Each structure stands twice: as structure tokens, then as C-alpha cells.
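Have a look at model.txt; it's compact mmCIF, C-alpha atoms:
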```
# COMPACT_ATOMS: atom_id res chain seq x y z
CA MET A 13 132.54 116.58 126.82
CA PHE A 14 130.24 113.74 127.91
CA LYS A 15 127.56 116.21 129.03
CA ILE A 16 127.58 118.06 125.69
CA ARG A 17 127.34 114.78 123.80
CA SER A 18 124.37 113.72 125.94
CA VAL A 19 122.58 117.01 125.26
CA VAL A 20 123.18 116.72 121.50
CA MET A 21 121.95 113.10 121.45
CA GLY A 22 118.88 114.14 123.44
CA MET A 23 118.09 116.87 120.89
CA VAL A 24 118.51 114.40 118.00
CA LEU A 25 116.13 111.97 119.73
CA ALA A 26 113.58 114.73 120.40
CA LEU A 27 113.76 115.90 116.77
CA GLY A 28 113.25 112.31 115.61
CA LEU A 29 110.17 111.95 117.82
CA VAL A 30 108.69 115.21 116.55
CA THR A 31 109.25 114.31 112.90
CA GLY A 32 108.16 110.71 113.46
CA PHE A 33 111.37 109.17 112.13
CA ALA A 34 109.98 109.39 108.59
CA SER A 35 110.84 106.29 106.64
CA PRO A 36 110.07 105.22 103.08
CA ALA A 37 108.53 102.02 104.50
CA PHE A 38 105.77 104.12 106.08
CA ALA A 39 105.23 106.41 103.09
CA GLY A 40 101.88 104.80 102.19
CA ASN A 41 98.33 105.64 103.20
CA LEU A 42 95.97 104.45 105.91
CA TYR A 43 92.50 103.50 104.68
CA TRP A 44 90.13 103.02 107.66
CA LYS A 45 86.45 102.09 107.37
CA ILE A 46 83.63 101.21 109.74
CA GLY A 47 82.30 97.87 108.49
CA LYS A 48 78.75 97.07 107.45
CA ALA A 49 77.03 94.04 108.99
CA VAL A 50 76.98 90.83 106.91
CA SER A 51 75.97 87.25 107.58
CA HIS A 52 78.34 84.34 108.17
CA SER A 53 77.07 82.72 104.96
CA LYS A 54 77.94 85.88 102.95
CA VAL A 55 81.55 85.70 104.15
CA PHE A 56 82.07 82.06 103.14
CA GLU A 57 79.71 81.72 100.17
CA GLY A 58 81.76 80.42 97.22
CA SER A 59 85.00 80.44 99.19
CA ASN A 60 87.89 78.05 98.58
CA SER A 61 91.54 77.80 99.56
CA LYS A 62 92.57 80.14 96.71
CA ASN A 63 90.26 83.07 97.43
CA ILE A 64 90.00 83.35 101.23
CA ILE A 65 92.56 83.85 104.00
CA CYS A 66 91.52 83.95 107.67
CA TYR A 67 93.57 85.01 110.68
CA LYS A 68 92.39 84.70 114.28
CA SER A 69 93.67 86.05 117.57
CA GLY A 70 92.10 84.45 120.63
CA GLU A 71 93.91 86.90 122.88
CA ILE A 72 92.30 89.88 121.15
CA GLY A 73 89.01 88.14 120.42
CA ALA A 74 88.73 88.83 116.70
CA THR A 75 88.92 87.00 113.39
CA THR A 76 89.83 88.67 110.11
CA CYS A 77 89.09 87.05 106.74
CA LEU A 78 90.17 88.40 103.36
CA ARG A 79 88.23 87.50 100.25
CA LEU A 80 90.81 88.11 97.57
CA ASP A 81 88.28 87.62 94.77
CA ARG A 82 86.07 90.38 96.23
CA ARG A 83 88.86 92.60 97.64
CA THR A 84 86.84 92.59 100.84
CA MET A 85 87.90 92.28 104.47
CA TYR A 86 85.55 90.66 106.98
CA VAL A 87 86.00 91.13 110.73
CA ARG A 88 84.22 89.02 113.36
CA SER A 89 83.94 89.86 117.02
CA ASP A 90 84.85 86.67 118.92
CA LYS A 91 84.66 88.14 122.40
CA ALA A 92 81.96 90.30 124.00
CA ASP A 93 84.39 92.47 125.97
CA GLY A 94 83.15 95.96 125.08
CA TYR A 95 85.99 96.70 122.61
CA PHE A 96 85.54 97.27 118.89
CA LYS A 97 87.40 94.71 116.75
CA LEU A 98 89.75 95.43 113.86
CA GLY A 99 91.15 93.70 110.83
CA SER A 100 94.27 95.03 109.11
CA TRP A 101 95.67 94.19 105.65
CA LYS A 102 99.03 95.91 105.12
CA GLY A 103 101.40 95.89 102.20
CA SER A 104 103.58 98.09 99.99
CA GLY A 105 103.27 100.94 102.49
CA ASN A 106 99.45 101.03 102.53
CA GLN A 107 97.28 99.76 105.37
CA TYR A 108 93.59 98.86 105.08
CA VAL A 109 91.71 98.69 108.41
CA CYS A 110 88.14 97.48 108.89
CA GLN A 111 86.40 98.21 112.21
CA ASN A 112 83.64 96.07 113.75
CA ASN A 113 81.84 98.25 116.32
CA LYS A 114 79.78 95.39 117.74
CA GLY A 115 81.86 94.78 120.88
CA LYS A 116 79.03 94.40 123.42
CA LYS A 117 77.31 91.16 124.42
CA LYS A 118 74.90 91.12 121.49
CA GLY A 119 77.80 91.70 119.07
CA ASN A 120 79.63 88.47 119.87
CA GLY A 121 79.98 86.40 116.68
CA THR A 122 78.93 89.24 114.35
CA TRP A 123 80.64 89.89 111.02
CA VAL A 124 81.19 93.20 109.21
CA ALA A 125 82.58 93.85 105.72
CA CYS A 126 84.79 96.57 104.22
CA SER A 127 85.77 96.70 100.53
CA TRP A 128 88.65 98.47 98.79
CA LYS A 129 90.47 98.33 95.46
CA TRP A 130 93.86 97.44 96.98
CA PRO A 131 96.60 96.68 94.47
CA LYS A 132 96.97 93.10 93.30
CA LYS A 133 100.36 91.51 92.62
CA LYS A 134 101.61 92.73 95.99
CA CYS A 135 102.48 91.09 99.31
CA TYR A 136 100.49 91.74 102.49
CA THR A 137 100.24 90.73 106.14
CA ILE A 138 97.04 90.36 108.17
CA ARG A 139 96.46 91.42 111.78
CA THR A 140 93.52 91.55 114.12
CA GLY A 141 93.00 94.14 116.80
CA HIS A 142 90.70 95.76 119.31
CA GLY A 143 90.29 99.11 120.98
CA GLN A 144 88.15 101.96 122.21
CA ALA A 145 87.60 105.55 121.06
CA ASP A 146 91.05 106.80 122.08
CA TRP A 147 93.29 103.72 121.55
CA TYR A 148 93.69 100.45 119.70
CA VAL A 149 96.20 97.59 119.51
CA LEU A 150 96.95 95.11 116.75
CA SER A 151 98.09 91.51 117.04
CA ARG A 152 101.37 90.30 115.68
CA ALA A 153 101.44 90.02 111.89
CA SER A 154 100.60 86.88 109.97
CA SER A 155 102.88 85.33 107.42
CA LEU A 156 103.39 87.29 104.24
CA TYR A 157 100.72 86.59 101.57
CA CYS A 158 101.47 87.43 97.94
CA TYR A 159 98.96 87.25 95.14
```
I'd like the structure from this file rewritten - as C-alpha cells, please.
Amino acid sequence: MFKIRSVVMGMVLALGLVTGFASPAFAGNLYWKIGKAVSHSKVFEGSNSKNIICYKSGEIGATTCLRLDRRTMYVRSDKADGYFKLGSWKGSGNQYVCQNNKGKKKGNGTWVACSWKWPKKKCYTIRTGHGQADWYVLSRASSLYCY
């Protein structure tokens, strides 16, 4: 009896892995862009505590800033370690990811920008990340921001 139960549970687990354990929480879309270079002054020009949110991960070596008034994500490479850097803005099932490809020595401290028309009046979390062509990792999520 135990052996049959183990086989059935194994098949259920395998089926779940194949189907991806579909969940309504993950029913949204992934919007991924390669950022375009911008200057530090462009990121912070006209910013104040009501229109900009920044999140930094020293471990990953990236900073992500959101300009709510522009619906633009800015990602800075804080570490010249050869990895691209990422910013992630996720809420209501959708995830917006901006990639900074300037991971080499000359890319340290560079900013890139990505713009979307993400929905307002929603709640989001920010993450930073890094990776290479075949993998990436994201930091733990920030606090929830609603606007």
C-alpha cells in the first residue's frame, strides 16, 4: 500500500512540475526590456520623495530606481563583475524587468532606463538582480509600494 501511494504522489509531483503549478497569482505577463543609457542627472532631475523610489542590493551590485511620474525604471550597475544588472517592478500578476548590459569594468556606475505604461492604483514590489545569458537571480523583494 505504501509503495502504491508513493508512486501516485510521485506522479502528482511530476505532473505539477510539467504544468508549472499554475496559479492565479502568476497569471500576469512578463515585460522585459534592454535599457537605454541615461545620465545620473536624468534619473534624479526633478525628483522628490513622492515620485521616486530606489532599492539597492550591495550583494548583487545593482540599484533600481522607479520614477512614478515617468513610469520609468532606472537600473545602475554598482559592481563591475561581468554580470548584467536587473531591476524588477512586480504587481497584480505582471512583472516589468529592465536589463543593464553594462556589467564590465567600464560599465560600473552606469544607468539605463526602461519605460512602460504599467497600471496605476496598484501595489508593487521592487527587486534588483544580475545574471548572464543563460541565468539570472533576483534579490529579495522590497516593501510593498502602492500608488
>> Need to verify the contact set: Lys62 (chain A), 12 Å, all atoms listed in the file, exclusion of same-chain residues closer than 6 positions in sequence. Can you return it as a ChimeraX atom specification?
In response: /A:78-81,157-159
For the residues selected in the previous step, produce a file with C-alpha atoms as a PDB file, in the coordinates of the input.
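Contents of selection-v7.pdb, as written:
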```pdb
ATOM      1  CA  LEU A  78      90.170  88.400 103.360  1.00  0.00           C
ATOM      2  CA  ARG A  79      88.230  87.500 100.250  1.00  0.00           C
ATOM      3  CA  LEU A  80      90.810  88.110  97.570  1.00  0.00           C
ATOM      4  CA  ASP A  81      88.280  87.620  94.770  1.00  0.00           C
ATOM      5  CA  TYR A 157     100.720  86.590 101.570  1.00  0.00           C
ATOM      6  CA  CYS A 158     101.470  87.430  97.940  1.00  0.00           C
ATOM      7  CA  TYR A 159      98.960  87.250  95.140  1.00  0.00           C
TER       8      TYR A 159
END
```
So which residues touch Lys48 (chain A) within 10 Å, counting all atoms listed in the file, skipping near sequence neighbours fewer than 6 positions away, as a PDB file with C-alpha atoms, in the coordinates of the input?
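Done, and the output landed in around.pdb:
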```pdb
ATOM      1  CA  TYR A  86      85.550  90.660 106.980  1.00  0.00           C
ATOM      2  CA  VAL A  87      86.000  91.130 110.730  1.00  0.00           C
ATOM      3  CA  CYS A 110      88.140  97.480 108.890  1.00  0.00           C
ATOM      4  CA  GLN A 111      86.400  98.210 112.210  1.00  0.00           C
ATOM      5  CA  ASN A 112      83.640  96.070 113.750  1.00  0.00           C
ATOM      6  CA  ASN A 113      81.840  98.250 116.320  1.00  0.00           C
ATOM      7  CA  TRP A 123      80.640  89.890 111.020  1.00  0.00           C
ATOM      8  CA  VAL A 124      81.190  93.200 109.210  1.00  0.00           C
ATOM      9  CA  ALA A 125      82.580  93.850 105.720  1.00  0.00           C
ATOM     10  CA  CYS A 126      84.790  96.570 104.220  1.00  0.00           C
ATOM     11  CA  SER A 127      85.770  96.700 100.530  1.00  0.00           C
TER      12      SER A 127
END
```
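Considering all atoms listed in the file, the residue among A:Lys114, A:Arg82, A:Lys97, A:Lys133 positioned nearest to Ser69 (chain A) is A:Lys97.
If you measure from each of A:Ser100, A:Thr137, A:Ser53, A:Ser151 to Thr84 (chain A) using all atoms listed in the file, the closest one turns out to be A:Ser100.
Closest approach to Gly40 (chain A) among A:His142, A:Gly105, A:Pro131, A:Gly73: A:Gly105, based on all atoms listed in the file.
The space between CA of Arg83 (chain A) and CA of Lys132 (chain A) spans 9.2 Å.
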> Near Lys91 (chain A), counting all atoms listed in the file, which residues have an atom at most 8 Å away, once you skip same-chain residues fewer than 5 positions from it, shown as number ranges by chain?
Replying inline: A: 72-74, 115, 120-121
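Take the candidates A:Gly70, A:Gly94, A:Asn41, A:Ala49 and check each one against Ala145 (chain A) using only C-alpha atoms; the shortest distance goes to A:Gly94.
You can rank A:Arg88, A:Phe56, A:Ile46, A:Tyr95 by their closest distance to Val149 (chain A) using all atoms listed in the file, and at the top of that list sits A:Tyr95.
As for CA of Gln107 (chain A) and CA of Tyr136 (chain A), they are spaced 9.1 Å apart.
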